[in-house]
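Shown next: entry08.pdb, given as PDB, C-alpha atoms.
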```pdb
ATOM      1  CA  MET A  30     -18.656 -31.749 -21.118
ATOM      2  CA  GLN A  31     -18.636 -31.208 -17.359
ATOM      3  CA  ARG A  32     -20.419 -28.366 -15.649
ATOM      4  CA  GLU A  33     -19.012 -26.652 -12.652
ATOM      5  CA  GLN A  34     -21.211 -26.537  -9.612
ATOM      6  CA  ALA A  35     -21.116 -23.398  -7.537
ATOM      7  CA  GLN A  36     -20.770 -24.191  -3.851
ATOM      8  CA  ILE A  37     -20.620 -21.838  -0.945
ATOM      9  CA  ASN A  38     -17.751 -22.190   1.478
ATOM     10  CA  ILE A  39     -19.266 -22.005   4.972
ATOM     11  CA  THR A  40     -16.017 -22.465   6.891
ATOM     12  CA  PRO A  41     -15.375 -18.679   7.259
ATOM     13  CA  LEU A  42     -19.019 -18.186   8.288
ATOM     14  CA  VAL A  43     -18.694 -20.817  11.032
ATOM     15  CA  ASP A  44     -15.441 -19.206  12.205
ATOM     16  CA  VAL A  45     -17.078 -15.794  12.486
ATOM     17  CA  MET A  46     -20.092 -17.226  14.335
ATOM     18  CA  LEU A  47     -17.828 -19.010  16.851
ATOM     19  CA  VAL A  48     -15.871 -15.814  17.489
ATOM     20  CA  LEU A  49     -19.119 -13.891  18.030
ATOM     21  CA  LEU A  50     -20.360 -16.603  20.388
ATOM     22  CA  VAL A  51     -17.207 -16.350  22.485
ATOM     23  CA  ILE A  52     -17.443 -12.535  22.565
ATOM     24  CA  PHE A  53     -21.075 -12.651  23.748
ATOM     25  CA  MET A  54     -20.273 -15.296  26.348
ATOM     26  CA  VAL A  55     -17.528 -13.092  27.778
ATOM     27  CA  ALA A  56     -19.522  -9.821  27.555
ATOM     28  CA  ALA A  57     -22.878 -11.086  28.901
ATOM     29  CA  PRO A  58     -21.880 -11.341  32.590
ATOM     30  CA  VAL A  59     -20.355  -7.851  32.443
ATOM     31  CA  LEU A  60     -23.613  -6.349  31.122
ATOM     32  CA  SER A  61     -25.854  -7.855  33.801
ATOM     33  CA  ARG A  62     -26.581  -5.752  36.871
ATOM     34  CA  PRO A  63     -27.924  -7.133  40.139
ATOM     35  CA  ILE A  64     -31.296  -5.913  41.378
ATOM     36  CA  PRO A  65     -31.361  -5.281  45.130
ATOM     37  CA  LEU A  66     -34.205  -7.222  46.751
ATOM     38  CA  GLN A  67     -35.217  -7.572  50.348
ATOM     39  CA  LEU A  68     -36.749 -11.007  50.612
ATOM     40  CA  PRO A  69     -38.668 -12.032  53.715
ATOM     41  CA  GLN A  70     -36.722 -14.174  56.135
ATOM     42  CA  ALA A  71     -38.122 -17.245  57.821
ATOM     43  CA  GLY A  72     -38.927 -16.693  61.457
ATOM     44  CA  PRO A  73     -40.191 -18.781  64.319
ATOM     45  CA  VAL A  74     -43.578 -20.286  63.547
ATOM     46  CA  ASP A  75     -45.046 -19.917  67.042
ATOM     47  CA  VAL A  76     -44.434 -16.149  67.277
ATOM     48  CA  GLU A  77     -47.467 -14.127  66.218
ATOM     49  CA  PRO A  78     -46.587 -11.043  64.186
ATOM     50  CA  PRO A  79     -47.624  -7.646  65.534
ATOM     51  CA  PRO A  80     -50.862  -6.221  64.140
ATOM     52  CA  ARG A  81     -50.445  -4.292  60.932
ATOM     53  CA  PRO A  82     -51.615  -0.684  60.778
ATOM     54  CA  GLU A  83     -54.297   0.251  58.282
ATOM     55  CA  PRO A  84     -52.900   0.782  54.779
ATOM     56  CA  VAL A  85     -52.751   4.252  53.307
ATOM     57  CA  LEU A  86     -54.626   4.690  50.013
ATOM     58  CA  LEU A  87     -53.069   7.228  47.669
ATOM     59  CA  ARG A  88     -54.968   7.911  44.451
ATOM     60  CA  ILE A  89     -53.389   9.601  41.427
ATOM     61  CA  ASP A  90     -55.972  10.819  38.920
ATOM     62  CA  ALA A  91     -55.495  11.463  35.207
ATOM     63  CA  ALA A  92     -54.794  15.190  35.758
ATOM     64  CA  GLY A  93     -52.035  14.424  38.286
ATOM     65  CA  GLY A  94     -54.128  15.264  41.352
ATOM     66  CA  LEU A  95     -53.480  13.305  44.537
ATOM     67  CA  THR A  96     -55.956  11.993  47.090
ATOM     68  CA  TRP A  97     -54.702  10.769  50.500
ATOM     69  CA  ASN A  98     -57.258   8.407  52.102
ATOM     70  CA  GLY A  99     -60.060  10.304  50.365
ATOM     71  CA  ALA A 100     -58.779  13.841  51.095
ATOM     72  CA  ALA A 101     -57.210  15.942  48.337
ATOM     73  CA  THR A 102     -53.530  16.738  48.819
ATOM     74  CA  SER A 103     -50.561  17.995  46.816
ATOM     75  CA  LEU A 104     -47.238  16.513  45.821
ATOM     76  CA  GLN A 105     -45.435  19.005  48.068
ATOM     77  CA  ALA A 106     -47.399  17.808  51.133
ATOM     78  CA  LEU A 107     -46.524  14.129  50.617
ATOM     79  CA  PRO A 108     -43.168  14.089  52.473
ATOM     80  CA  ALA A 109     -44.826  15.412  55.638
ATOM     81  CA  LEU A 110     -47.703  12.923  55.317
ATOM     82  CA  PHE A 111     -45.310  10.018  54.756
ATOM     83  CA  ALA A 112     -43.149  11.071  57.710
ATOM     84  CA  ALA A 113     -46.214  11.328  59.962
ATOM     85  CA  GLU A 114     -47.330   7.804  59.019
ATOM     86  CA  VAL A 115     -43.854   6.402  59.687
ATOM     87  CA  ARG A 116     -43.702   8.170  63.089
ATOM     88  CA  LYS A 117     -47.165   6.856  64.058
ATOM     89  CA  ALA A 118     -46.123   3.246  63.584
ATOM     90  CA  SER A 119     -42.349   3.265  63.899
ATOM     91  CA  ASP A 120     -42.005  -0.509  64.355
ATOM     92  CA  THR A 121     -44.129  -1.500  61.327
ATOM     93  CA  PRO A 122     -44.861   1.298  58.865
ATOM     94  CA  PRO A 123     -48.171   0.931  57.018
ATOM     95  CA  MET A 124     -48.489  -0.311  53.477
ATOM     96  CA  LEU A 125     -48.887   2.392  50.867
ATOM     97  CA  GLN A 126     -51.510   1.398  48.311
ATOM     98  CA  ILE A 127     -51.270   3.433  45.124
ATOM     99  CA  ASP A 128     -54.313   3.642  42.876
ATOM    100  CA  ALA A 129     -53.093   5.359  39.711
ATOM    101  CA  ASP A 130     -55.378   6.195  36.833
ATOM    102  CA  GLY A 131     -54.287   4.607  33.563
ATOM    103  CA  ASN A 132     -53.946   8.053  31.979
ATOM    104  CA  SER A 133     -51.983   9.618  34.846
ATOM    105  CA  ASP A 134     -48.591  11.196  34.265
ATOM    106  CA  TYR A 135     -45.642   8.876  34.899
ATOM    107  CA  ASP A 136     -43.579  11.754  36.300
ATOM    108  CA  THR A 137     -46.060  12.237  39.156
ATOM    109  CA  PHE A 138     -46.086   8.500  39.802
ATOM    110  CA  ALA A 139     -42.273   8.343  39.904
ATOM    111  CA  LYS A 140     -42.106  11.313  42.302
ATOM    112  CA  VAL A 141     -44.633   9.660  44.632
ATOM    113  CA  LEU A 142     -42.573   6.453  44.672
ATOM    114  CA  ALA A 143     -39.352   8.375  45.335
ATOM    115  CA  GLU A 144     -40.934  10.315  48.218
ATOM    116  CA  ALA A 145     -42.368   7.127  49.745
ATOM    117  CA  ASN A 146     -39.024   5.358  49.546
ATOM    118  CA  GLY A 147     -37.219   8.366  51.007
ATOM    119  CA  ALA A 148     -39.634   8.505  53.965
ATOM    120  CA  GLY A 149     -39.157   4.827  54.794
ATOM    121  CA  LEU A 150     -42.349   3.368  53.343
ATOM    122  CA  HIS A 151     -40.919   0.334  51.581
ATOM    123  CA  GLU A 152     -44.052  -1.794  51.472
ATOM    124  CA  ILE A 153     -45.953  -0.481  48.458
ATOM    125  CA  GLY A 154     -48.921  -2.091  46.768
ATOM    126  CA  PHE A 155     -50.704  -1.154  43.584
ATOM    127  CA  VAL A 156     -54.474  -1.151  43.230
ATOM    128  CA  ARG A 157     -55.644  -2.562  39.921
ATOM    129  CA  ARG A 158     -58.986  -1.523  38.562
ATOM    130  CA  PRO A 159     -60.657  -3.401  35.723
TER     131      PRO A 159
END
```

What would you get if you wrote out this structure as structure tokens?
Amino acid sequence: MQREQAQINITPLVDVMLVLLVIFMVAAPVLSRPIPLQLPQAGPVDVEPPPRPEPVLLRIDAAGGLTWNGAATSLQALPALFAAEVRKASDTPPMLQIDADGNSDYDTFAKVLAEANGAGLHEIGFVRRP
């Protein structure tokens, strides 16, 4: 008396997996989006760069309050402050250093970044506190 052995047919499974692989290979380049970056360019070695202006320290506390180089300010006053800094040093705008509290509101942080970018301050650093 012979017993039948149940075997699984994996040929359809392999066919489906190959079709999915081809679909993902075709769709993956369409889904990727380039990120615009401005990388530094190599310049002459013997040319000394101009002196950098002092960085601006902007602190965002947990309640959403802003401090500009130690003086309290508001979100509405930031565009004028950014524009004044850019006008002061038109050839090399200063670096904006943002010190955000870990519990600060992301909306305030995003608005500060948008205002800085709109004013022409593209060199932004983040202060990390332990």

Check: From the list A:Ser61, A:Gln34, A:Asn146, A:Thr40, which residue is nearest Phe111 (chain A) when using only C-alpha atoms?
Finding: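 Of all the options, A:Asn146 lies closest to Phe111 (chain A).
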
Next item on the list: Let me know the residues the PyMOL selection byres ((chain A and resi 82) around 8) catches in the file above, as a list in words.
Entry: Pro80, Arg81, Glu83, Pro84, Ala118, Thr121, Pro122, Pro123 and Met124 of chain A

Next item on the list: Give me the residues within 12 Å of Asp134 (chain A) as a PyMOL selection string, counting only C-alpha atoms and dropping any in the same chain fewer than 5 places off.
Entry: chain A and resi 89-95+129+139-141

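In terms of minimum interatomic distance to Leu86 (chain A), A:Ala100 ranks closest within A:Met54, A:Ala35, A:Ala143, A:Ala100, counting all atoms listed in the file.
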
Checklist line | Selected residue of minimal separation from Arg158 (chain A) among A:Arg88, A:Val76, A:Thr96, A:Leu110, counting all atoms listed in the file | finding: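 Closest to Arg158 (chain A), using all atoms listed in the file: A:Arg88.
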
Checklist line | CA of Leu125 (chain A) to CA of Trp97 (chain A), straight-line distance in Å | finding: 10.2 Å

Next item on the list: Could you tell me which of A:Val43, A:Ile127, A:Ala56, A:Ile37 comes closest to Val156 (chain A) if we count all atoms listed in the file?
Entry: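 For Val156 (chain A), the nearest of the candidates is A:Ile127.
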
Margin query: For a quick check of understanding, using all atoms listed in the file, which of A:Ala112, A:Pro73, A:Ser103, A:Asn38 has the smallest distance to Gly147 (chain A)?
Written below: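 Closest to Gly147 (chain A), using all atoms listed in the file: A:Ala112.
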